[in-house]
file data_8.cif (mmCIF, C-alpha atoms and all ligand atoms)
data_entry
loop_
_atom_site.group_PDB
_atom_site.id
_atom_site.type_symbol
_atom_site.label_atom_id
_atom_site.label_comp_id
_atom_site.auth_asym_id
_atom_site.auth_seq_id
_atom_site.Cartn_x
_atom_site.Cartn_y
_atom_site.Cartn_z
ATOM 1 C CA ARG M 17 -4.959 -74.348 -73.276
ATOM 2 C CA PHE M 18 -4.929 -75.692 -76.824
ATOM 3 C CA GLU M 19 -6.507 -72.480 -78.052
ATOM 4 C CA VAL M 20 -3.727 -70.416 -76.482
ATOM 5 C CA ASP M 21 -0.876 -72.630 -77.716
ATOM 6 C CA HIS M 22 -2.420 -72.714 -81.134
ATOM 7 C CA GLN M 23 -2.648 -68.951 -81.268
ATOM 8 C CA ILE M 24 0.939 -68.518 -80.114
ATOM 9 C CA SER M 25 2.307 -70.931 -82.671
ATOM 10 C CA ARG M 26 0.176 -69.347 -85.364
ATOM 11 C CA SER M 27 1.485 -65.885 -84.616
ATOM 12 C CA GLN M 28 5.058 -67.193 -84.417
ATOM 13 C CA GLY M 29 4.550 -68.913 -87.739
ATOM 14 C CA HIS M 30 3.292 -65.669 -89.166
ATOM 15 C CA GLU M 31 6.281 -63.792 -87.767
ATOM 16 C CA GLU M 32 8.718 -66.262 -89.300
ATOM 17 C CA GLU M 33 6.973 -65.979 -92.649
ATOM 18 C CA SER M 34 7.252 -62.202 -92.742
ATOM 19 C CA LEU M 35 10.893 -62.359 -91.625
ATOM 20 C CA LEU M 36 11.573 -64.745 -94.499
ATOM 21 C CA LEU M 37 10.042 -62.198 -96.842
ATOM 22 C CA MET M 38 12.258 -59.452 -95.437
ATOM 23 C CA ARG M 39 15.348 -61.659 -95.730
ATOM 24 C CA SER M 40 14.505 -62.329 -99.364
ATOM 25 C CA VAL M 41 14.314 -58.579 -100.064
ATOM 26 C CA LEU M 42 17.671 -58.099 -98.293
ATOM 27 C CA GLY M 43 18.984 -61.046 -100.310
ATOM 28 C CA SER M 44 18.120 -59.320 -103.612
ATOM 29 C CA MET M 45 19.826 -56.153 -102.427
ATOM 30 C CA GLU M 46 22.891 -58.176 -101.434
ATOM 31 C CA ARG M 47 22.991 -59.909 -104.856
ATOM 32 C CA VAL M 48 22.953 -56.574 -106.697
ATOM 33 C CA TYR M 49 25.602 -55.209 -104.321
ATOM 34 C CA LEU M 50 27.936 -58.190 -104.829
ATOM 35 C CA LYS M 51 27.532 -58.043 -108.584
ATOM 36 C CA ARG M 52 28.304 -54.334 -108.828
ATOM 37 C CA ASN M 53 31.104 -54.296 -106.257
ATOM 38 C CA PRO M 54 33.813 -56.847 -107.073
ATOM 39 C CA THR M 55 35.955 -55.726 -104.114
ATOM 40 C CA ALA M 56 33.204 -56.462 -101.602
ATOM 41 C CA LYS M 57 32.585 -59.858 -103.238
ATOM 42 C CA ALA M 58 36.312 -60.718 -103.295
ATOM 43 C CA ILE M 59 36.734 -59.785 -99.622
ATOM 44 C CA LEU M 60 33.695 -61.798 -98.519
ATOM 45 C CA ASP M 61 34.988 -64.799 -100.502
ATOM 46 C CA LEU M 62 38.500 -64.398 -99.086
ATOM 47 C CA VAL M 63 37.309 -64.090 -95.480
ATOM 48 C CA LYS M 64 34.998 -67.100 -95.905
ATOM 49 C CA SER M 65 37.852 -69.156 -97.370
ATOM 50 C CA VAL M 66 40.254 -68.531 -94.461
ATOM 51 C CA ASP M 67 37.811 -68.183 -91.569
ATOM 52 C CA ASP M 68 36.603 -71.790 -91.786
ATOM 53 C CA ALA M 69 32.783 -71.863 -91.666
ATOM 54 C CA ASP M 70 30.624 -70.322 -94.356
ATOM 55 C CA HIS M 71 29.237 -68.139 -91.594
ATOM 56 C CA ILE M 72 29.679 -64.385 -91.885
ATOM 57 C CA CYS M 73 27.540 -62.142 -89.666
ATOM 58 C CA TYR M 74 26.591 -58.674 -90.822
ATOM 59 C CA ASP M 75 26.893 -56.004 -88.142
ATOM 60 C CA HIS M 76 24.832 -53.548 -90.161
ATOM 61 C CA LEU M 77 23.644 -52.546 -93.620
ATOM 62 C CA ALA M 78 23.746 -48.882 -94.677
ATOM 63 C CA PHE M 79 21.707 -46.711 -97.037
ATOM 64 C CA ARG M 80 21.796 -43.060 -98.164
ATOM 65 C CA THR M 81 18.809 -40.820 -98.903
ATOM 66 C CA PHE M 82 17.793 -37.238 -99.777
ATOM 67 C CA GLY M 83 16.090 -35.241 -97.050
ATOM 68 C CA VAL M 84 13.136 -34.130 -99.162
ATOM 69 C CA LYS M 85 9.567 -35.150 -98.499
ATOM 70 C CA GLY M 86 8.951 -38.777 -99.364
ATOM 71 C CA HIS M 87 12.620 -39.542 -100.070
ATOM 72 C CA GLY M 88 14.330 -39.146 -96.700
ATOM 73 C CA ILE M 89 15.264 -41.601 -93.969
ATOM 74 C CA GLU M 90 11.627 -42.414 -93.224
ATOM 75 C CA SER M 91 11.010 -43.583 -96.801
ATOM 76 C CA MET M 92 13.537 -46.376 -96.271
ATOM 77 C CA ALA M 93 12.955 -46.867 -92.537
ATOM 78 C CA SER M 94 9.258 -47.697 -92.856
ATOM 79 C CA PHE M 95 10.175 -50.985 -94.522
ATOM 80 C CA PHE M 96 12.303 -52.055 -91.541
ATOM 81 C CA LEU M 97 9.880 -50.690 -88.917
ATOM 82 C CA ASP M 98 7.164 -52.861 -90.489
ATOM 83 C CA TYR M 99 9.304 -55.915 -89.735
ATOM 84 C CA GLY M 100 9.811 -54.987 -86.092
ATOM 85 C CA TYR M 101 12.990 -52.938 -86.249
ATOM 86 C CA LYS M 102 13.228 -50.250 -83.537
ATOM 87 C CA GLN M 103 14.431 -46.704 -84.131
ATOM 88 C CA GLN M 104 17.476 -45.749 -82.039
ATOM 89 C CA GLU M 105 19.356 -42.474 -81.610
ATOM 90 C CA GLU M 106 20.073 -39.850 -84.226
ATOM 91 C CA LEU M 107 23.608 -38.926 -85.276
ATOM 92 C CA LYS M 108 24.352 -35.402 -86.512
ATOM 93 C CA PHE M 109 27.027 -34.357 -89.010
ATOM 94 C CA PRO M 110 26.608 -30.563 -89.286
ATOM 95 C CA ALA M 111 29.750 -30.005 -91.410
ATOM 96 C CA LYS M 112 28.582 -32.640 -93.893
ATOM 97 C CA LYS M 113 24.965 -31.404 -93.749
ATOM 98 C CA LEU M 114 23.858 -34.930 -92.952
ATOM 99 C CA LYS M 115 21.957 -36.714 -90.278
ATOM 100 C CA ALA M 116 21.555 -40.425 -89.687
ATOM 101 C CA LEU M 117 19.378 -42.783 -87.707
ATOM 102 C CA TRP M 118 20.039 -46.351 -86.829
ATOM 103 C CA PHE M 119 17.576 -49.162 -86.221
ATOM 104 C CA SER M 120 18.025 -52.242 -84.073
ATOM 105 C CA PRO M 121 16.688 -55.603 -85.222
ATOM 106 C CA PRO M 122 13.611 -57.136 -83.573
ATOM 107 C CA SER M 123 15.020 -58.781 -80.466
ATOM 108 C CA GLY M 124 13.898 -61.701 -78.395
ATOM 109 C CA LEU M 125 13.062 -63.683 -81.501
ATOM 110 C CA PRO M 126 14.401 -67.203 -81.925
ATOM 111 C CA HIS M 127 16.761 -66.156 -84.724
ATOM 112 C CA GLU M 128 18.807 -63.646 -82.732
ATOM 113 C CA ASP M 129 22.017 -65.392 -81.655
ATOM 114 C CA ALA M 130 20.904 -68.826 -82.811
ATOM 115 C CA ALA M 131 20.649 -67.979 -86.509
ATOM 116 C CA THR M 132 22.773 -70.422 -88.458
ATOM 117 C CA GLY M 133 22.823 -68.863 -91.921
ATOM 118 C CA SER M 134 25.388 -66.481 -93.347
ATOM 119 C CA GLY M 135 25.001 -62.836 -94.352
ATOM 120 C CA VAL M 136 21.358 -61.814 -94.705
ATOM 121 C CA ASN M 137 20.364 -65.293 -93.493
ATOM 122 C CA GLY M 138 22.343 -64.914 -90.278
ATOM 123 C CA PRO M 139 21.472 -62.812 -87.214
ATOM 124 C CA LEU M 140 19.558 -59.767 -88.456
ATOM 125 C CA PRO M 141 21.851 -56.756 -88.918
ATOM 126 C CA ARG M 142 21.386 -53.251 -87.544
ATOM 127 C CA ILE M 143 20.307 -50.719 -90.187
ATOM 128 C CA PHE M 144 22.044 -47.341 -90.637
ATOM 129 C CA ILE M 145 20.278 -44.750 -92.823
ATOM 130 C CA SER M 146 21.636 -41.277 -93.520
ATOM 131 C CA GLU M 147 20.019 -38.297 -95.178
ATOM 132 C CA LEU M 148 21.329 -35.172 -96.914
ATOM 133 C CA LEU M 149 19.793 -32.085 -95.272
ATOM 134 C CA VAL M 150 18.769 -30.608 -98.602
ATOM 135 C CA ASP M 151 17.104 -27.500 -97.136
ATOM 136 C CA GLN M 152 20.422 -26.509 -95.516
ATOM 137 C CA LEU M 153 22.264 -26.440 -98.844
ATOM 138 C CA SER M 154 22.918 -23.189 -100.705
ATOM 139 C CA PRO M 155 20.181 -22.247 -103.223
ATOM 140 C CA GLN M 156 22.516 -23.159 -106.137
ATOM 141 C CA ALA M 157 23.338 -26.554 -104.651
ATOM 142 C CA GLN M 158 19.628 -27.259 -104.190
ATOM 143 C CA VAL M 159 18.944 -27.033 -107.924
ATOM 144 C CA SER M 160 22.195 -28.388 -109.374
ATOM 145 C CA SER M 161 24.865 -30.766 -108.223
ATOM 146 C CA SER M 162 27.696 -28.665 -109.610
ATOM 147 C CA SER M 163 28.856 -27.014 -106.393
ATOM 148 C CA ASP M 164 32.021 -28.377 -104.837
ATOM 149 C CA GLY M 165 32.347 -30.082 -101.508
ATOM 150 C CA TRP M 166 31.075 -33.025 -99.618
ATOM 151 C CA GLU M 167 27.333 -32.336 -100.036
ATOM 152 C CA SER M 168 27.568 -32.631 -103.794
ATOM 153 C CA GLU M 169 29.631 -35.831 -103.548
ATOM 154 C CA TYR M 170 26.978 -37.355 -101.295
ATOM 155 C CA ALA M 171 24.206 -36.027 -103.574
ATOM 156 C CA ALA M 172 25.915 -37.443 -106.677
ATOM 157 C CA TRP M 173 26.341 -40.836 -105.004
ATOM 158 C CA THR M 174 22.693 -40.921 -103.971
ATOM 159 C CA LEU M 175 21.417 -39.769 -107.383
ATOM 160 C CA VAL M 176 23.425 -42.442 -109.199
ATOM 161 C CA ASN M 177 23.003 -45.316 -106.725
ATOM 162 C CA GLY M 178 19.581 -44.576 -105.238
ATOM 163 C CA TYR M 179 18.406 -47.041 -102.611
ATOM 164 C CA ALA M 180 21.208 -49.501 -103.411
ATOM 165 C CA LEU M 181 23.132 -50.827 -100.420
ATOM 166 C CA ASN M 182 25.888 -48.350 -99.582
ATOM 167 C CA HIS M 183 27.761 -51.043 -97.676
ATOM 168 C CA VAL M 184 27.458 -54.190 -95.661
ATOM 169 C CA THR M 185 29.595 -54.521 -92.545
ATOM 170 C CA ILE M 186 31.299 -57.729 -91.479
ATOM 171 C CA SER M 187 31.090 -58.318 -87.739
ATOM 172 C CA THR M 188 34.727 -59.228 -87.023
ATOM 173 C CA HIS M 189 34.208 -60.309 -83.390
ATOM 174 C CA ARG M 190 31.913 -63.038 -84.702
ATOM 175 C CA LEU M 191 34.642 -64.489 -86.966
ATOM 176 C CA LYS M 192 36.372 -67.679 -85.813
ATOM 177 C CA THR M 193 40.069 -67.220 -86.608
ATOM 178 C CA HIS M 194 42.611 -64.515 -85.696
ATOM 179 C CA LEU M 195 40.725 -62.267 -88.168
ATOM 180 C CA THR M 196 38.258 -61.719 -85.312
ATOM 181 C CA ASN M 197 40.717 -58.960 -84.307
ATOM 182 C CA ILE M 198 40.011 -56.042 -86.641
ATOM 183 C CA ARG M 199 43.659 -54.952 -86.637
ATOM 184 C CA ALA M 200 44.691 -58.403 -87.881
ATOM 185 C CA LEU M 201 41.931 -58.314 -90.504
ATOM 186 C CA ASN M 202 43.023 -54.872 -91.755
ATOM 187 C CA GLN M 203 46.620 -56.038 -92.066
ATOM 188 C CA PHE M 204 45.566 -59.250 -93.816
ATOM 189 C CA LEU M 205 43.449 -57.318 -96.337
ATOM 190 C CA GLN M 206 46.227 -54.806 -97.041
ATOM 191 C CA GLU M 207 48.724 -57.655 -97.548
ATOM 192 C CA ASN M 208 46.288 -59.056 -100.086
ATOM 193 C CA GLY M 209 46.338 -55.776 -101.996
ATOM 194 C CA PHE M 210 43.065 -54.235 -100.808
ATOM 195 C CA ASN M 211 42.925 -50.468 -100.445
ATOM 196 C CA LEU M 212 41.446 -49.349 -97.116
ATOM 197 C CA ASN M 213 39.967 -45.912 -96.403
ATOM 198 C CA SER M 214 42.806 -44.011 -94.674
ATOM 199 C CA GLU M 215 40.805 -40.933 -93.581
ATOM 200 C CA GLY M 216 41.916 -40.133 -90.030
ATOM 201 C CA GLY M 217 43.848 -43.444 -89.972
ATOM 202 C CA VAL M 218 42.698 -46.853 -91.216
ATOM 203 C CA LEU M 219 41.227 -47.898 -87.857
ATOM 204 C CA LYS M 220 38.446 -45.697 -86.485
ATOM 205 C CA VAL M 221 38.056 -45.972 -82.692
ATOM 206 C CA SER M 222 35.169 -44.561 -80.607
ATOM 207 C CA PRO M 223 36.077 -42.371 -77.586
ATOM 208 C CA ASP M 224 35.136 -45.227 -75.203
ATOM 209 C CA GLY M 225 37.540 -47.490 -77.128
ATOM 210 C CA LEU M 226 34.855 -50.158 -77.637
ATOM 211 C CA LEU M 227 33.706 -49.663 -81.239
ATOM 212 C CA LEU M 228 36.407 -50.261 -83.849
ATOM 213 C CA GLN M 229 35.673 -49.781 -87.555
ATOM 214 C CA SER M 230 37.449 -49.764 -90.913
ATOM 215 C CA SER M 231 36.356 -49.909 -94.548
ATOM 216 C CA THR M 232 37.564 -50.280 -98.115
ATOM 217 C CA VAL M 233 37.635 -47.488 -100.667
ATOM 218 C CA ALA M 234 34.508 -47.770 -102.860
ATOM 219 C CA ASP M 235 34.568 -49.494 -106.238
ATOM 220 C CA SER M 236 33.705 -47.411 -109.301
ATOM 221 C CA ILE M 237 31.201 -48.150 -112.025
ATOM 222 C CA PRO M 238 30.679 -46.541 -115.463
ATOM 223 C CA PHE M 239 27.554 -44.387 -115.419
ATOM 224 C CA LYS M 240 25.831 -42.949 -118.480
ATOM 225 C CA PHE M 241 24.617 -39.408 -117.786
ATOM 226 C CA SER M 242 21.556 -37.952 -119.509
ATOM 227 C CA ASP M 243 23.787 -35.843 -121.785
ATOM 228 C CA GLY M 244 25.158 -39.093 -123.265
ATOM 229 C CA PHE M 245 28.573 -39.003 -121.590
ATOM 230 C CA THR M 246 29.760 -41.976 -119.625
ATOM 231 C CA GLU M 247 31.900 -41.382 -116.561
ATOM 232 C CA SER M 248 33.261 -43.543 -113.793
ATOM 233 C CA VAL M 249 31.394 -42.897 -110.531
ATOM 234 C CA PRO M 250 31.823 -44.332 -107.015
ATOM 235 C CA CYS M 251 29.692 -47.306 -106.113
ATOM 236 C CA SER M 252 29.720 -49.155 -102.784
ATOM 237 C CA TYR M 253 32.289 -50.345 -100.275
ATOM 238 C CA ILE M 254 32.552 -52.923 -97.504
ATOM 239 C CA GLU M 255 33.082 -52.176 -93.826
ATOM 240 C CA PHE M 256 34.393 -54.093 -90.813
ATOM 241 C CA ALA M 257 33.324 -53.591 -87.206
ATOM 242 C CA GLU M 258 34.598 -55.040 -83.957
ATOM 243 C CA ARG M 259 32.417 -54.447 -80.894
ATOM 244 C CA LEU M 260 34.219 -55.064 -77.613
ATOM 245 C CA VAL M 261 32.586 -56.451 -74.478
ATOM 246 C CA LEU M 262 31.137 -53.742 -72.186
ATOM 247 C CA PRO M 263 33.114 -53.170 -68.950
ATOM 248 C CA GLN M 264 30.284 -54.548 -66.768
ATOM 249 C CA TYR M 265 30.535 -57.926 -68.569
ATOM 250 C CA LYS M 266 34.302 -58.199 -68.685
ATOM 251 C CA ASN M 267 34.353 -61.228 -66.379
ATOM 252 C CA LEU M 268 32.158 -63.373 -68.613
ATOM 253 C CA LEU M 269 33.781 -66.394 -70.222
ATOM 254 C CA LYS M 270 34.402 -66.008 -73.953
ATOM 255 C CA GLU M 271 31.737 -68.593 -74.809
ATOM 256 C CA GLU M 272 29.174 -66.834 -72.590
ATOM 257 C CA VAL M 273 29.493 -63.513 -74.411
ATOM 258 C CA LYS M 274 26.454 -62.676 -76.550
ATOM 259 C CA GLU M 275 25.994 -59.788 -78.935
ATOM 260 C CA PHE M 276 24.035 -57.776 -76.324
ATOM 261 C CA HIS M 277 27.029 -57.876 -73.933
ATOM 262 C CA ARG M 278 28.988 -55.808 -76.444
ATOM 263 C CA ARG M 279 29.163 -52.088 -77.295
ATOM 264 C CA ASP M 280 26.056 -51.264 -79.325
ATOM 265 C CA GLY M 281 25.212 -48.325 -81.579
ATOM 266 C CA PHE M 282 27.308 -46.064 -83.753
ATOM 267 C CA GLU M 283 29.753 -43.210 -83.233
ATOM 268 C CA VAL M 284 29.681 -39.825 -84.977
ATOM 269 C CA GLY M 285 33.498 -39.519 -85.047
ATOM 270 C CA ASN M 286 33.918 -42.943 -86.668
ATOM 271 C CA ALA M 287 31.020 -42.493 -89.097
ATOM 272 C CA ASP M 288 32.280 -39.079 -90.219
ATOM 273 C CA LYS M 289 35.440 -40.785 -91.555
ATOM 274 C CA ILE M 290 33.716 -43.918 -92.861
ATOM 275 C CA PHE M 291 31.522 -41.664 -95.060
ATOM 276 C CA GLU M 292 34.727 -40.685 -96.907
ATOM 277 C CA SER M 293 34.998 -44.230 -98.355
ATOM 278 C CA THR M 294 33.188 -42.918 -101.458
ATOM 279 C CA SER M 295 35.024 -39.562 -101.652
ATOM 280 C CA LYS M 296 37.068 -38.531 -104.667
ATOM 281 C CA GLU M 297 40.024 -37.956 -102.376
ATOM 282 C CA GLN M 298 40.029 -41.595 -101.186
ATOM 283 C CA LEU M 299 39.249 -43.003 -104.654
ATOM 284 C CA THR M 300 42.172 -41.204 -106.304
ATOM 285 C CA ARG M 301 44.659 -41.713 -103.468
ATOM 286 C CA ARG M 302 47.810 -43.579 -104.442
ATOM 287 C CA THR M 303 48.453 -46.561 -102.227
ATOM 288 C CA GLY M 304 51.723 -47.838 -100.798
HETATM 289 C C1 LIG I 401 27.750 -44.286 -93.937
HETATM 290 C C2 LIG I 401 29.032 -43.996 -93.154
HETATM 291 C C3 LIG I 401 28.925 -44.277 -91.656
HETATM 292 C C4 LIG I 401 29.119 -46.210 -89.914
HETATM 293 O O1 LIG I 401 29.057 -47.432 -89.721
HETATM 294 O O2 LIG I 401 29.380 -45.411 -89.009
HETATM 295 C C5 LIG I 401 28.878 -45.726 -91.314
HETATM 296 C C6 LIG I 401 27.826 -43.971 -95.410
HETATM 297 O O3 LIG I 401 28.916 -43.945 -95.993
HETATM 298 O O4 LIG I 401 26.761 -43.776 -95.994
HETATM 299 O O5 LIG I 401 28.665 -46.563 -92.122
HETATM 300 NI NI NI I 402 28.711 -48.487 -91.557
#
call {"tool": "encode", "arguments": {"input": "data_8.cif", "output": "structure tokens", "more": "lines below"}}
Ligand code: OOG
Ligand code: NI
result
Amino acid sequence: RFEVDHQISRSQGHEEESLLLMRSVLGSMERVYLKRNPTAKAILDLVKSVDDADHICYDHLAFRTFGVKGHGIESMASFFLDYGYKQQEELKFPAKKLKALWFSPPSGLPHEDAATGSGVNGPLPRIFISELLVDQLSPQAQVSSSSDGWESEYAAWTLVNGYALNHVTISTHRLKTHLTNIRALNQFLQENGFNLNSEGGVLKVSPDGLLLQSSTVADSIPFKFSDGFTESVPCSYIEFAERLVLPQYKNLLKEEVKEFHRRDGFEVGNADKIFESTSKEQLTRRTG
């Protein structure tokens, strides 16, 4: 009996220790992200200041990669798989020559809905990793990044920013005030002068109506190219997601609703437009 209990608590202790290590890696990524992206930092501060508690939950974190051996999705994913993340379905973006995979956090662990921290110290976020299908690009595009179009914008972003966080996503349904409604949050942010990605409309809605997303237009950062010239290039953005309760749980009381009662996963149609948050078109768009 003692032996068994002892072993269980030892393995739980071990699990907690490795999760702490993962959170500290995510914490460093978040620090770099907040330092380089003043808009994301300002929005997190603003939301924290009006939405009482210092308790923001991240719906997901997103990364971009190159689909060449040793640099694609799996190069980033292996880190999360090691900590118990589970691979979920693939999303395809043929026109953008991209694919993506998402990973769900280890479930059934004590931290899931009980986590009390904020951001990377809160409930573990989903992970969304995309990859440029390099072997589908034209021969010219494969050796230079000078060709026009989306692929080269994605390639340029990934070359300049590498494995940096592409965005963090605030889980709006886990906010406490009226900002829990993503439409109210979007309006509030626009009233405060923030520029939201307008591709296909500010609010992106999945066909089932249950996954609602929006995002800012990326910040820019000066980047020194190898030829000595410095140019302003897109950096990261911040996203917002509201996941509605699945139809089979619609009779649950508000306080009974847990994250797993809500719409999970991602949506190609939404993601396709969210990707444009770093596009030249969105960055140069005049607002108002
Ligand atoms: C990812 C865009 C898609 C989502 O939540 O669907 C996305 C990117 O811009 O790299 O974040
Ligand atoms: Ni996202």
call {"tool": "atom_distance", "arguments": {"input": "data_8.cif", "atom1": "CA of Tyr74 in chain M", "atom2": "CA of Leu175 in chain M"}}
result
25.7 Å
call {"tool": "closest_atom_pairs", "arguments": {"input": "data_8.cif", "of": "chain M", "to": "ligand NI 402 (chain I)", "cutoff": "9 Å", "atoms": "all atoms listed in the file", "output": "JSON lines"}}
result
{"residue": "M:Asp75", "atom": "CA", "partner": "I:NI402", "partner_atom": "NI", "distance": 8.5}
{"residue": "M:His76", "atom": "CA", "partner": "I:NI402", "partner_atom": "NI", "distance": 6.5}
{"residue": "M:Leu77", "atom": "CA", "partner": "I:NI402", "partner_atom": "NI", "distance": 6.8}
{"residue": "M:Ala78", "atom": "CA", "partner": "I:NI402", "partner_atom": "NI", "distance": 5.9}
{"residue": "M:Ile143", "atom": "CA", "partner": "I:NI402", "partner_atom": "NI", "distance": 8.8}
{"residue": "M:Phe144", "atom": "CA", "partner": "I:NI402", "partner_atom": "NI", "distance": 6.8}
{"residue": "M:Asn182", "atom": "CA", "partner": "I:NI402", "partner_atom": "NI", "distance": 8.5}
{"residue": "M:His183", "atom": "CA", "partner": "I:NI402", "partner_atom": "NI", "distance": 6.7}
{"residue": "M:Val184", "atom": "CA", "partner": "I:NI402", "partner_atom": "NI", "distance": 7.1}
{"residue": "M:Thr185", "atom": "CA", "partner": "I:NI402", "partner_atom": "NI", "distance": 6.2}
{"residue": "M:Gln229", "atom": "CA", "partner": "I:NI402", "partner_atom": "NI", "distance": 8.1}
{"residue": "M:Ser230", "atom": "CA", "partner": "I:NI402", "partner_atom": "NI", "distance": 8.9}
{"residue": "M:Ser231", "atom": "CA", "partner": "I:NI402", "partner_atom": "NI", "distance": 8.3}
{"residue": "M:Ile254", "atom": "CA", "partner": "I:NI402", "partner_atom": "NI", "distance": 8.4}
{"residue": "M:Glu255", "atom": "CA", "partner": "I:NI402", "partner_atom": "NI", "distance": 6.2}
{"residue": "M:Phe256", "atom": "CA", "partner": "I:NI402", "partner_atom": "NI", "distance": 8.0}
{"residue": "M:Ala257", "atom": "CA", "partner": "I:NI402", "partner_atom": "NI", "distance": 8.1}
{"residue": "M:Phe282", "atom": "CA", "partner": "I:NI402", "partner_atom": "NI", "distance": 8.3}
{"residue": "M:Ala287", "atom": "CA", "partner": "I:NI402", "partner_atom": "NI", "distance": 6.9}
{"residue": "M:Ile290", "atom": "CA", "partner": "I:NI402", "partner_atom": "NI", "distance": 6.9}
{"residue": "M:Phe291", "atom": "CA", "partner": "I:NI402", "partner_atom": "NI", "distance": 8.2}
call {"tool": "write_last_selection", "arguments": {"input": "data_8.cif", "atoms": "C-alpha atoms", "output": "PDB file, in the coordinates of the input"}}
result
ATOM      1  CA  ASP M  75      26.893 -56.004 -88.142  1.00  0.00           C
ATOM      2  CA  HIS M  76      24.832 -53.548 -90.161  1.00  0.00           C
ATOM      3  CA  LEU M  77      23.644 -52.546 -93.620  1.00  0.00           C
ATOM      4  CA  ALA M  78      23.746 -48.882 -94.677  1.00  0.00           C
ATOM      5  CA  ILE M 143      20.307 -50.719 -90.187  1.00  0.00           C
ATOM      6  CA  PHE M 144      22.044 -47.341 -90.637  1.00  0.00           C
ATOM      7  CA  ASN M 182      25.888 -48.350 -99.582  1.00  0.00           C
ATOM      8  CA  HIS M 183      27.761 -51.043 -97.676  1.00  0.00           C
ATOM      9  CA  VAL M 184      27.458 -54.190 -95.661  1.00  0.00           C
ATOM     10  CA  THR M 185      29.595 -54.521 -92.545  1.00  0.00           C
ATOM     11  CA  GLN M 229      35.673 -49.781 -87.555  1.00  0.00           C
ATOM     12  CA  SER M 230      37.449 -49.764 -90.913  1.00  0.00           C
ATOM     13  CA  SER M 231      36.356 -49.909 -94.548  1.00  0.00           C
ATOM     14  CA  ILE M 254      32.552 -52.923 -97.504  1.00  0.00           C
ATOM     15  CA  GLU M 255      33.082 -52.176 -93.826  1.00  0.00           C
ATOM     16  CA  PHE M 256      34.393 -54.093 -90.813  1.00  0.00           C
ATOM     17  CA  ALA M 257      33.324 -53.591 -87.206  1.00  0.00           C
ATOM     18  CA  PHE M 282      27.308 -46.064 -83.753  1.00  0.00           C
ATOM     19  CA  ALA M 287      31.020 -42.493 -89.097  1.00  0.00           C
ATOM     20  CA  ILE M 290      33.716 -43.918 -92.861  1.00  0.00           C
ATOM     21  CA  PHE M 291      31.522 -41.664 -95.060  1.00  0.00           C
TER      22      PHE M 291
END
call {"tool": "residues_around", "arguments": {"input": "data_8.cif", "residues": "His194 in chain M", "least_positions_apart": "2", "cutoff": "12 Å", "atoms": "all atoms listed in the file", "output": "PyMOL selection string"}}
result
chain M and resi 63+66-68+188-192+196-204
call {"tool": "write_last_selection", "arguments": {"input": "data_8.cif", "atoms": "C-alpha atoms", "output": "short mmCIF file (atom, residue, chain, number, x, y, z; two decimals), in the coordinates of the input"}}
result
data_model
loop_
_atom_site.label_atom_id
_atom_site.label_comp_id
_atom_site.auth_asym_id
_atom_site.auth_seq_id
_atom_site.Cartn_x
_atom_site.Cartn_y
_atom_site.Cartn_z
CA VAL M 63 37.31 -64.09 -95.48
CA VAL M 66 40.25 -68.53 -94.46
CA ASP M 67 37.81 -68.18 -91.57
CA ASP M 68 36.60 -71.79 -91.79
CA THR M 188 34.73 -59.23 -87.02
CA HIS M 189 34.21 -60.31 -83.39
CA ARG M 190 31.91 -63.04 -84.70
CA LEU M 191 34.64 -64.49 -86.97
CA LYS M 192 36.37 -67.68 -85.81
CA THR M 196 38.26 -61.72 -85.31
CA ASN M 197 40.72 -58.96 -84.31
CA ILE M 198 40.01 -56.04 -86.64
CA ARG M 199 43.66 -54.95 -86.64
CA ALA M 200 44.69 -58.40 -87.88
CA LEU M 201 41.93 -58.31 -90.50
CA ASN M 202 43.02 -54.87 -91.76
CA GLN M 203 46.62 -56.04 -92.07
CA PHE M 204 45.57 -59.25 -93.82
#
call {"tool": "resolve_selection", "arguments": {"input": "data_8.cif", "expression": "the PyMOL selection byres (((chain M and resi 210) around 10) and not hetatm)", "output": "list of chain:residue names"}}
result
M:Thr55, M:Ala58, M:Ile59, M:Asn202, M:Gln203, M:Phe204, M:Leu205, M:Gln206, M:Glu207, M:Asn208, M:Gly209, M:Asn211, M:Leu212, M:Asn213, M:Thr232, M:Val233, M:Thr303
call {"tool": "resolve_selection", "arguments": {"input": "data_8.cif", "expression": "the PyMOL selection byres (((chain M and resi 100-110) around 9) and not hetatm)", "output": "list in words"}}
result
Ala93, Phe95, Phe96, Leu97, Asp98, Tyr99, Ala111, Lys112, Lys113, Leu114, Lys115, Ala116, Leu117, Trp118, Phe119, Ser120, Pro121, Pro122, Ser123, Arg142, Ile143, Ser146, Gly281, Phe282, Glu283, Val284 and Asp288 of chain M
call {"tool": "closest_residue", "arguments": {"input": "data_8.cif", "among": "M:Glu169, M:Glu292, M:Ile237, M:Phe276", "to": "Gly217 in chain M", "atoms": "all atoms listed in the file"}}
result
M:Glu292
call {"tool": "closest_residue", "arguments": {"input": "data_8.cif", "among": "M:Ser252, M:Ser91, M:Gln298, M:Ser44", "to": "ligand LIG 401 (chain I)", "atoms": "all atoms listed in the file"}}
result
M:Ser252
call {"tool": "atom_distance", "arguments": {"input": "data_8.cif", "atom1": "atom C4 of ligand LIG 401 (chain I)", "atom2": "CA of Trp166 in chain M"}}
result
16.5 Å
call {"tool": "residues_around", "arguments": {"input": "data_8.cif", "residues": "range 36-42 of chain M", "least_positions_apart": "2", "cutoff": "10 Å", "atoms": "all atoms listed in the file", "output": "ChimeraX atom specification"}}
result
/M:30-34,44-47,77,95-96,98-99,135-138,140,181
call {"tool": "axis_aligned_box", "arguments": {"input": "data_8.cif", "around": "range 108-114 of chain M", "padding_each_side": "8 Å", "output": "JSON"}}
result
{"center_x": 26.8, "center_y": -32.7, "center_z": -90.2, "size_x": 21.9, "size_y": 21.4, "size_z": 23.4}
